[in-house]
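The structure under discussion appears below in the form of structure tokens.
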Amino acid sequence: RLAAEAGSFSRFRSAPAFASWCGLTPSEHSSGESERRGGITKAGNALARTALIESAWHYSTCSPRPKAPAPGTDVPPAIRSRALAAAGKSACKANAAVARELACWVWEIGCRSEGTVL
């Protein structure tokens, strides 16, 4: 679905630009020195955003007992337990953050498959 919606991943100059196109960028309400961020903009492609959000929900619930990491690649416990959720953020906010990160990975994989990123 993401490949069909995006068409060509190389048309986005960066991974954050692709995440923004998906509508997974935080909104901002700033004035002068005051800077406040809000929820995701939802201003992008609704079908791509829905696919990414649903994939992120699946990721968080698909394996109650994940495989142990390879030797030497241990992940700190705070990160392993989805740091945003452990930091007191709501599950929906943490899921949107995971979906945004997934969008960035998808952009890089798409660009590599097109041969535009080495």
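Just remember, in the structure tokens the first chain shown is A, the second B, etc., residues are 1-based per chain, and ligands are 1-based in the order shown.
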- Task: Could you please write out, as a VMD selection string, every residue of chain A that DSSP assigns to strand (DSSP E)?
- Result: chain A and resid 26 to 31 34 to 40
- Close residues, Ala51 in chain A itself excluded, 12 Å, only C-alpha atoms, min 4 positions apart in chain, as a PyMOL selection string: chain A and resi 1-5+22-24+45-47+55-58+96+99-100+102-103+106
- For each of A:Ala15, A:Ala97, A:Ala6, A:Ile109, take the minimum atom-to-atom distance to Ile53 in chain A, counting only C-alpha atoms, then give the residue where this is smallest. A:Ala97
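The two atoms in question, CA of Gly7 in chain A and CA of Glu28 in chain A, are spaced 28.2 Å apart.
Taking only C-alpha atoms, the non-local environment of Thr25 in chain A within 9 Å (same-chain residues fewer than 4 positions away omitted) comprises A:Pro16, A:Ala19, A:Ser20, A:Trp21, A:Gly39, A:Ile40, A:Thr41, A:Lys42, A:Ala43, A:Arg100.
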Could you save those same residues with C-alpha atoms as a tab-separated table (two decimals), in the first residue's frame?
```
chain	number	residue	atom	x	y	z
A	16	PRO	CA	11.05	13.42	7.62
A	19	ALA	CA	6.65	11.27	7.27
A	20	SER	CA	5.23	14.76	6.83
A	21	TRP	CA	3.54	13.72	3.58
A	39	GLY	CA	-0.76	16.33	17.97
A	40	ILE	CA	0.03	14.95	14.52
A	41	THR	CA	-1.12	17.14	11.65
A	42	LYS	CA	-3.15	14.52	9.74
A	43	ALA	CA	-2.66	16.81	6.73
A	100	ARG	CA	6.53	8.02	12.23
```
- Message: Could you go through chain A and tell me which residues DSSP, when run on the backbone, assigns to helix (DSSP H, G or I), listing them as a PyMOL selection string?
- Response: chain A and resi 2-6+9-11+15-21+46-61+77-80+83-86+91-114
